[in-house]
Structure formats: structure tokens, C-alpha cells
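Worksheet: one structure, shown below.
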Amino acid sequence: MRDMTQAEPRNDPQPKILHMAPIWRGFIWAAAGFIIGDLLTVAVDPFRGNPLVTEPSAVVGWVGALVGWLLGIGGYEEVVLPLFGFPSTWVEPKNWRRYFGLSTSHKVIGIQYLFSSSSIFLVAGLDAMAIRYELMQPSLHFFTYSGQYLAAVGVHGSLMMFGVGTVAMISGLGNYFVPLMIGAKRTVFSRLSGLGHWLLPFGALTLIASPLLGYWDTGWRGYEPLAMQDPGGMVYYYLGIFAMTLSTILTSLNLAATIIFYRTRGMTWARIPLFVWGILTVSLLNLIWQPEIEMTFVMALLSKLVPWNFFDALGSVETYLSMFWLFGHPEVYIIVLPAIAMWNEMIPVMAQKNLFARDWAIIGLIFVMMLSGLVWAHHMFTNMRNSEMFPFAFFTEMISIPTGFSFMAAIGTLWKARLRLTTPSLLILMSLFNFLIGGLTGVYLADPPVNLQVHDTFFVIAHFHYTIIGGMIFTWIASMYYWLPKLSGRMYNETWGMILAVWIFIGFNGTFSQMFLVGLEGMNRWVPAYPPYLKALNYDVSLFAFFLGAGFVGHAIHIIWAWRKGPSAPENPWHAKTLEWLASSPPSEENFPGEVEVVRGFYRYDHDKPSAYIVKDQPESN
Amino acid sequence: MASTYPKDREMAAYRWGFRIFLVSQCVPFVLIFSDWYMFNGDYVSPWVNHWLGAGEALFDIASGWVAWRALLSIRRGKLMDMVQGFRRAAVLGTVQLILLAYQWGTRFVFPGTRYGEVYYTLTGVSGFYELVGVFIMVAISFRAVRVAFTAEYHWDADAAVYFWIFQLVAGLLVYLLLYWI
């Protein structure tokens with residue numbers, strides 16, 4: 001594969017000749033790293049049973065594999081050599097091969113994240129199908145052991161939260177579009193960001209492989225003291241999530257610095273687009289809470305390996321619960337804030353109408369960000385005294401107010417608007433509806449009497465799927481259609497887009513509205529077998545779930561088809577005013593043919609004046 | 001491509017980004033410090049070796065001081081003083097790590113106790129940050145020579161010392177918590 005290196009060198013007269021694709025080299029170096037770390041540990045600590053792979057050696061081997069992987073995909077040439085002062089010998093190919101190695105282009109990194117995240121969504125979705133197939137019958141018929149079912153549930157939840165929810169819109173669309181939307185030509189820590197992407201597939205593969213070390217049964221929350229008693233798969237749950245959250249931290253650091261420092265001339269704080277506000281607020285949340293969960297998992301991992309008693313009966317089980325949910329609840333706002341921001345990004349464009357109460361929409365995002373750290377204990381009401389529940393119930397209900405600001409801005413904009421009913425706008429309307437159901441049931445769940453009744457039932461599952469899948473995933477798909485002309489220069493098929501949107505709406509609501517019912521009827525979480533009277537509803541839920549899964553695959557096929565073979569799209573098919581539409585489709589390496597100067601805000605449609613100009617051959621701007 | 005952004009804007013972005021990264025790295029320490037109080041209150045094991053603990057803290061402070069002097073040197077344009085200072089700081093940090101490894105090896109503190117759990121977790125985490133810091137100090141001392149840092153351009157040295165001071169403060173807090181408070 002000598003043609004990997006046809007591009008011109010960046011800063012070295014003799015570019016590196018790579019004899020294999022970086023991704024393959026990464027695999028080989030990772031395997032070498034694992035073997036070295038594993039054997040060294042087994043040599044030092046041989047008293048754990050298995051002669052070749054023990055829990056500690058699997059951890060140290062994993063660290064070796066991670067280092068090998070990151071160096072192999074380009075980190076050695078692009079990061080380590082410059083760190084010691086040698087010129088980088090890394091050369092990014094100019095063709096499709098650039099997507100399979102370390103890149104410093106924010107657009108390439110964005111697409112890498114979108115691809116990785118979609119692949120993880122597919123795996124987690126297949127996992128969900130297996131779960132639903134199992135639950136079609138009241139007793140075990142698909143999985144052999146209950147541990148297999150619970151490991152499937154845990155892998156599904158962890159992949160969706162850490163590989164899709166916090167990734168697709170933030171690291172995927174955020175990396176691609178935030179610099180474009182603020183008129184920047186690159187990001188601040190582009191090398192770090194490029195390296196950060198490769199943590200994601202590594203972490204996801206670790207999680208997917210975790211059941212090979214034993215079926216762990218704690219779900220995505222790693223509850224103690226169960227986790228301490230679980231087999232070795234638990235170890236790879238901690239490590240997989242560690243890699244994925246580290247990837248999110250690096251993205252957040254890069255995007256937050258880029259938003260604050262690389263805005264183009266005239267892009268004042270008062271003019272920053274809504275989606276960029278969404279990414280900035282979640283980046284700050286990520287920088288606080290992702291390190292928190294990483295340290296929690298380090299402590300849990302040590303408790304398991306040594307073993308220690310931090311979180312068992314000799315320590316404090318409830319401390320683990322608090323430490324987990326301190327991160328866990330902001331996590332769901334991390335997932336959903338970019339989606340909420342995106343509603344108000346798209347609705348004014350599709351309605352060609354001024355955005356209603358823009359300031360309040362932004363204030364809503366900021367207050368959700370701030371309140372999100374004060375609600376965690378509503379996940380633990382069953383372990384608390386009444387007096388302790390009150391403040392958490394209060395703040396949980398309060399957080400619906402700033403969330404409501406975003407709804408207010410969206411509905412105010414839609415009021416008497418002549419909305420163009422396109423696939424993205426239809427999906428946004430559906431997302432508003434779904435999130436409303438998720439939000440209202442959230443307020444309902446915040447009341448301790450209800451919470452104590454439906455705790456650990458499928459009612460809770462339905463609630464959070466309405467917010468995360470119904471809110472974020474629907475908006476992610478809407479954003480893919482909305483930005484497809486910019487990503488690819490091509491247009492999707494409106495008829496197919498609409499059919500598929502209605503398809504997933506029916507599939508989604510059929511699945512999860514009935515899940516509320518089955519939960520109220522007494523269907524518990526974390527059990528593969530249930531009383532036979534719940535079979536009819538569960539059977540129904542599963543049928544709709546398969547329908548929904550097929551709909552998601554349909555969207556993926558449609559988007560891939562449109563990306564490659566769709567009809568050419570006009571430069572600005574939606575007549576949007578944000579800066580990404582000033583770039584060519586797809587954008588050039590430098591994003592814009594000159595310096596961008598913003599002269600007015602982006603959300604006013606009561607005049608035809610442009611919001612920004614491109615000033616060619618402008619020297620340095622400030 | 002870099003010419004799009006004036007150098008001072010780029011530097012401000014690097015500085016802010018690195019500082020916010022360090023702020024976010026405070027979170028793990030805040031978490032274990034609060035757990036420390038929850039699990040252990042203000043108990044200090046009578047088995048801890050105060051001499052070794054104080055020795056570690058002294059080496060930590062000395063290395064931080066040497067690193068800071070090295071940074072002042074490059075601000076005055078004295079490249080080789082900076083390089084030597086960084087390497088000395090790394091050596092002092094390594095000595096501290098060796099002392100820590102010795103403490104771990106002797107098991108003065110029993111790992112199976114409540115105090116022991118927190119002791120090994122806290123010293124392990126701060127030791128890890130120190131190990132990363134030593135690597136960075138050594139790497140940047142090589143980089144400084146090859147790309148010839150000047151009084152105007154030495155951001156990497158700034159960043160390395162930021163990190164070194166961060167781990168110094170974290171290490172001292174760990175020392176205070178484990179041995180005194």
C-alpha cells in the first residue's frame with residue numbers, strides 16, 4: 001500500500017513511507033502492547049489462577065494495547081516525535097484513506113466520529129433486538145443464562161450512552177460544523193482531537209468484547225457491590241467506558257477552546273449560533289463530569305482487582321450510587337442539550353421566520369447545564385429518607401423550566417409560521433413531541449410517591465428512551481438530512497425521507513408508549529423472565545421494536561445512498577443564514593475562500609440582507 | 001493555515017485550553033478527597049512513616065522550585081539553563097517516586113485497612129500524575145533543544161511547568177491529608 005503516502009509532506013522533506021494502513025498497524029501494535037503488558041503482569045503476579053490472562057494482567061495488557069493502538073494509527077509520527085522535537089513525518093493521504101488514520105482536519109475527524117458512532121449504534125441496536133426477542137416469551141428461550149441477557153442489556157446501555165448519545169451530535173456533528181458555523185478554518189487542538197477519535201472505537205470494542213471475560217450483570221451503571229462479585233467482564237466495562245469518555249473530554253476541550261478563541265470577525269457572543277451554544281454548554285459539562293466518572297471507575301476497578309472495600313458492606317454502597325449519578329444525570333443533559341439547541345437552529349430556517357425569544361433559548365441551555373448537577377439523587381429515592389428526597393424532587397421539577405424555555409422558543413417560532421414540511425422539519429416536530437412525553441413523565445417520576453412505585457420498572461425505561469432516543473436520536477437524524485447537502489453536496493429523496501420518518505415515529509411510539517403500560521402493569525427491569533400475564537404487551541412492544549430497528553437501518557441506507565448517489569444539491573437549499581452555508585459543498589480544506597466577516601445575527605428572516613461576507617485576500621484578522 | 005489566527009490569539013487559546021484541562025483534572029482529586037472524609041474522617045494511621053512522607057513532600061517542593069526557576073531562565077532567553085533545570089526537576093521527581101515505591105514495597109501501611117485503601121489510592125493517583133509529569137519534563141527538555149525555544153517562544157515549557165506545578169499542589173494536598181489532617 002505504498003500509495004498511502006502520495007500527499008505532499010507537511011514539515012518534513014522525507015515523508016514517512018507506511019507499508020500498511022494505519023488502522024492495521026494500530027491493530028498489530030495494540031496486540032503487541034497487550035502481550036507485553038499481560039506477560040509482564042503475569043510474571044510479577046502469577047498467583048491468580050489462569051496462567052496467561054488474569055484480571056490484573058488483562059488491565060495492564062489493555063493499557064499496553066491502548067498505547068500501541070494510539071501510536072500505531074499515527075500517534076507515533078504525529079504526536080510523540082514532535083513532543084521530543086523531531087519533525088512530524090506523518091502524511092495524511094488526500095483521498096478516502098485519510099478516514100482510516102490520524103487526521104488533523106476537523107471535517108475528517110467529524111466524519112470519523114459519525115461513522116464510528118453509527119457503527120456503535122448498529123451494534124447496540126442489534127443488541128436491543130436480541131433483548132426484545134428474548135422478552136417476547138416469559139421465560140428464557142433465546143439466551144441460555146440470565147447473565148447473558150444482563151450482559152446484553154449492559155453492553156446495549158453503555159454503548160448507547162458513551163458511544164452514541166455523547167458522541168454523535170457532540171463529537172460528530174460538533175467537530176464538523178462548529179468551526180464552520182463560527183467562521184474558523186481549523187480547531188485549536190486539532191492533533192489532540194484527531195488522536196481522541198481513535199479512543200472511541202477502541203473503547204467500544206473493549207465493551208463489546210467484555211462478555212468474553214465473563215457475563216457482567218450490573219447494566220450500564222456498574223452498581224456496587226454487585227460489580228465486585230461479577231466476573232472479569234466487569235473490568236472491560238470500566239476500561240471501555242474510560243477510553244470512550246476520554247475521547248469525549250478531548251473533543252470538549254478542543255471545541256470549547258475553538259468556540260471561545262477562533263470565532264471570526266464580527267462573530268460576537270450575541271451572534272453565536274444556537275447549535276454552537278449547545279456544544280459549548282455540554283463541553284463545559286463534559287469537562288466537569290467525565291473526569292468524575294473516570295475516577296469513580298478507577299476506584300471501582302481497584303476495589304475489584306485488589307480487592308478493596310470502598311463500596312461493599314464494609315464501605316459505603318450508597319457512595320458509589322451517588323458518585324455514579326453525580327455524573328449519570330448530567331450525562332443525559334449532555335446527550336440532549338445539543339438536540340434541544342438544534343431544534344431552534346432548524347425551525348427558523350425551515351419556517352423562514354425570526355427565531356422567537358432567542359436569548360431565552362440560550363438562557364434555558366445555560367440553566368439546564370447549571371441545574372443538571374443538582375438532581376442526581378432522584379435515581380436513589382428508594383435508598384433515602386423522605387426529608388432527603390425533597391430538595392432533589394424540587395430541583396428535578398425545576399429543571400423542566402429552563403428546558404421549557406427551549407420549547408417556548410420553538411413553539412413561538414412555529415406560531416403562525418408557514419413551515420416547510422421537509423424531512424428534517426418533520427423529524428424535529430416528532431422530536432419535540434417525543435421529548436415532551438419524556439419530559440412530562442420525568443416530572444411525574446420526580447415526585448417521590450410515584451417514583452417509589454414505578455422504580456425499576458419498564459415505566460422508567462420508557463421515560464428515558466423518550467428523552468434520549470425520541471429527543472436526541474430523532475434530532476440527530478434530522479440534522480443529518482438538514483446538513484446532508486453540506487456534507488456531501490447531494491440531496492436525499494424527500495418521499496423516502498418522509499416515509500422513513502413516519503416509519504420510525506410509529507415504531508418508536510408503538511414500542512415505548514406500550515413500555516409505559518407494561519411498566520405500570522408491573523414489568524421489572526433486569527429480568528429475562530417475567531409473569532405470563534405480561535406476555536401480550538411485551539410481545540407487542542417487541543414487534544414495534546423490530547419495526548423501529550428496521551426504520552433506523554432504512555434511514556442509514558437512505559442517507560448513505562444520498563451521500564454517494566443522490567441528486568446534486570443547490571449551494572444553500574434551505575436558505576439558511578448561518579456561516580456553514582457560505583462554504584462550498586462539501587467545504588474545501590480551508591473551509592472558506594477568504595476571511596469571513598459577520599455583520600448581523602443569523603435568525604432574522606424579516607429582511608433579505610446577508611448575515612456575513614467573505615473578504616478575500618484579507619490579511620490576519622482579530 | 002495557521003496564519004489565519006494571530007499568534008497571540010493562538011497562544012491565548014492554548015493557555016486557556018490547558019488551564020481548563022487542569023481545572024477539569026482537579027475533579028478526580030476533589031472526588032477522592034471527599035471520599036476520604038466520608039470513609040476515614042481525620043484518622044491518621046500510627047503506622048505511617050512520617051520521615052519518608054516528609055521526604056517525599058520535600059523532594060516534590062524542591063522539584064517544583066527547580067522547574068519554576070528553569071521557566072524563569074527561558075523567559076530570560078537562557079535555553080541551556082532551562083533544559084538543565086527541567087532535567088533536574090525530573091530527577092527530583094523520580095527520586096520522590098522511588099521513595100513512594102519504597103513505601104509501597106515495605107507495606108508500612110496495611111493495604112487491607114480503611115486508611116490503607118485510601119492511602120494507596122491517593123498516592124497511586126498522585127504518583128501517576130507525577131510519572132506523566134516526569135515524562136513531559138524530559139520530553140520537553142529534548143524538544144527545547146531541537147526547536148530552540150526562545151524568550152518569546154516557549155509555550156511548551158510553560159505548559160510543562162503548569163502541569164508540574166499542578167501535580168506538585170495535588171501531591172502536597174495528598175501529603176497533608178494522609179499524614180496530618
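Chain labels A, B, ... are given in the sequence in which chains occur in the C-alpha cells; within each chain residues are numbered consecutively from 1, and ligands are likewise numbered from 1 in the order shown.
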Checklist entry - Tell me, which residues of chain B carry DSSP helix (DSSP H, G or I), written as a ChimeraX atom specification? => result /B:2-4,7-40,50-75,79-106,114-146,155-179
Next on the checklist: List as number ranges by chain the protein and nucleic acid residues near Ser372 of chain A, meaning an atom at most 9 Å away when only C-alpha atoms are counted, but skip any in the same chain fewer than 6 places from it.
Outcome noted: A: 285, 329-333, 395-396, 399
Checklist entry - Quick one: which residues from chain A are at most 6 Å off chain B, using only C-alpha atoms, as an MDAnalysis selection string? => result chainID A and resid 84:85 257 261 287:288 292 295 620
Would you save the residues from that selection as a PDB file, in the first residue's frame, using C-alpha atoms?
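Output file part.pdb is given in full below:
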ATOM      1  CA  PHE A  84      10.591  15.283  21.526  1.00  0.00           C
ATOM      2  CA  GLY A  85      11.294  17.985  18.956  1.00  0.00           C
ATOM      3  CA  ALA A 257     -11.354  26.490  23.166  1.00  0.00           C
ATOM      4  CA  PHE A 261     -10.909  31.864  20.679  1.00  0.00           C
ATOM      5  CA  LEU A 287     -15.093  18.757  31.358  1.00  0.00           C
ATOM      6  CA  ILE A 288     -16.568  18.577  34.856  1.00  0.00           C
ATOM      7  CA  GLU A 292     -15.637  12.451  37.755  1.00  0.00           C
ATOM      8  CA  MET A 295     -12.140   8.487  38.821  1.00  0.00           C
ATOM      9  CA  GLU A 620      -4.789  38.427   9.525  1.00  0.00           C
TER      10      GLU A 620
END
Item to check | Nearby residues (only C-alpha atoms) at most 9 Å from segment 606-618 of chain A, same-chain spacing under 3 positions excluded, as JSON, numbers by chain | outcome: {"A": [266, 352, 353, 354, 577, 578, 579, 582, 592, 593, 594, 595, 596, 597, 598, 599, 600, 601, 602, 621]}
Item to check | Near-Ile347 of chain A list (7 Å; only C-alpha atoms; drop same-chain fewer than 4 positions) as a list in words | outcome: Trp343, Ala351, Ala410 and Ser425 of chain A
Given the selection you just returned, output its residues as a file containing C-alpha atoms, formatted as a PDB file, in the first residue's frame.
ATOM      1  CA  TRP A 343     -34.438  22.405  17.200  1.00  0.00           C
ATOM      2  CA  ALA A 351     -40.153  28.346   8.653  1.00  0.00           C
ATOM      3  CA  ALA A 410     -39.537  26.534  19.250  1.00  0.00           C
ATOM      4  CA  SER A 425     -38.600  19.643   9.909  1.00  0.00           C
TER       5      SER A 425
END
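Nearest-residue note for Leu52 of chain B: choosing from B:Ile181, B:Leu97, B:Ala67, B:Met80, the minimum distance belongs to B:Leu97, counting only C-alpha atoms.
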Checklist entry - Could you pull the residues within 12 Å of Leu337 of chain A, counting only C-alpha atoms, minus those fewer than 3 positions along the same chain, as a PyMOL selection string? => result chain A and resi 165-166+169-170+274-286+330-334+340-344+361-362+364-369+372+402-403+406+435+467-468+471-472+475-476
Give me the residues of segment 421-498 of chain A that have any atom at most 12 Å from an atom of segment 118-138 of chain A; for each, the nearest atom pair and the distance in Å, rounded to one decimal. Use only C-alpha atoms, sort by chain and number, and format it as a Markdown table.
| residue | atom | partner | partner_atom | distance |
| --- | --- | --- | --- | --- |
| A:Ile469 | CA | A:Phe121 | CA | 11.2 |
| A:Ile473 | CA | A:Phe121 | CA | 10.0 |
| A:Trp476 | CA | A:Ser118 | CA | 10.7 |
| A:Ile477 | CA | A:Ser118 | CA | 10.8 |
| A:Met480 | CA | A:Ser118 | CA | 11.6 |
Could those selected residues go to a file with C-alpha atoms, as a PDB file, in the first residue's frame?
ATOM      1  CA  ILE A 469     -33.967   8.236  21.580  1.00  0.00           C
ATOM      2  CA  ILE A 473     -31.639  10.341  18.041  1.00  0.00           C
ATOM      3  CA  TRP A 476     -29.533  13.578  15.057  1.00  0.00           C
ATOM      4  CA  ILE A 477     -31.258  12.022  12.040  1.00  0.00           C
ATOM      5  CA  MET A 480     -28.088  14.525   9.071  1.00  0.00           C
TER       6      MET A 480
END
Residues at most 9 Å from Glu56 of chain B, counting only C-alpha atoms, excluding those fewer than 4 positions away in the same chain, as a short mmCIF file (atom, residue, chain, number, x, y, z; two decimals) with N, CA and C atoms, in the first residue's frame?
data_model
loop_
_atom_site.label_atom_id
_atom_site.label_comp_id
_atom_site.auth_asym_id
_atom_site.auth_seq_id
_atom_site.Cartn_x
_atom_site.Cartn_y
_atom_site.Cartn_z
N TRP B 51 8.81 10.31 58.40
CA TRP B 51 10.06 10.77 57.79
C TRP B 51 10.04 10.61 56.28
N LEU B 52 9.58 9.44 55.84
CA LEU B 52 9.53 9.21 54.39
C LEU B 52 8.51 10.14 53.73
N ASP B 60 9.28 16.92 46.34
CA ASP B 60 8.25 17.47 45.47
C ASP B 60 8.40 18.99 45.39
N ILE B 61 8.53 19.62 46.56
CA ILE B 61 8.65 21.08 46.58
C ILE B 61 9.94 21.50 45.87
N GLY B 93 11.82 14.58 40.88
CA GLY B 93 10.51 13.92 40.86
C GLY B 93 10.67 12.41 40.87
N VAL B 95 13.16 10.75 42.15
CA VAL B 95 13.58 10.33 43.50
C VAL B 95 12.34 10.21 44.39
N GLN B 96 11.43 11.18 44.25
CA GLN B 96 10.22 11.10 45.06
C GLN B 96 9.43 9.83 44.74
N LEU B 97 9.36 9.51 43.44
CA LEU B 97 8.63 8.30 43.05
C LEU B 97 9.31 7.05 43.62
N LEU B 99 11.01 6.94 46.39
CA LEU B 99 10.65 6.89 47.82
C LEU B 99 9.25 6.31 47.99
N LEU B 100 8.35 6.74 47.12
CA LEU B 100 6.97 6.24 47.19
C LEU B 100 6.95 4.74 46.95
N TYR B 175 -0.32 14.77 50.64
CA TYR B 175 0.56 14.60 51.80
C TYR B 175 -0.12 15.12 53.07
#
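Here atom CA of Trp164 of chain B and atom CA of Ser45 of chain B stand 28.8 Å from one another.
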Checklist entry - Skipping near chain neighbours, those fewer than 4 positions away, what residues fall within 12 Å of Asn383 of chain A using only C-alpha atoms, listed as a count of residues only? => result 15
Checklist entry - B:Leu71, B:Ala101, B:Val48, B:Leu177: which is nearest Ile165 of chain B, counting only C-alpha atoms? => result B:Leu71
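Of the residues listed (A:Phe405, A:Trp308, A:Phe512, A:Tyr99), A:Trp308 shows the shortest atom-to-atom separation from Tyr119 of chain B; distances use only C-alpha atoms.
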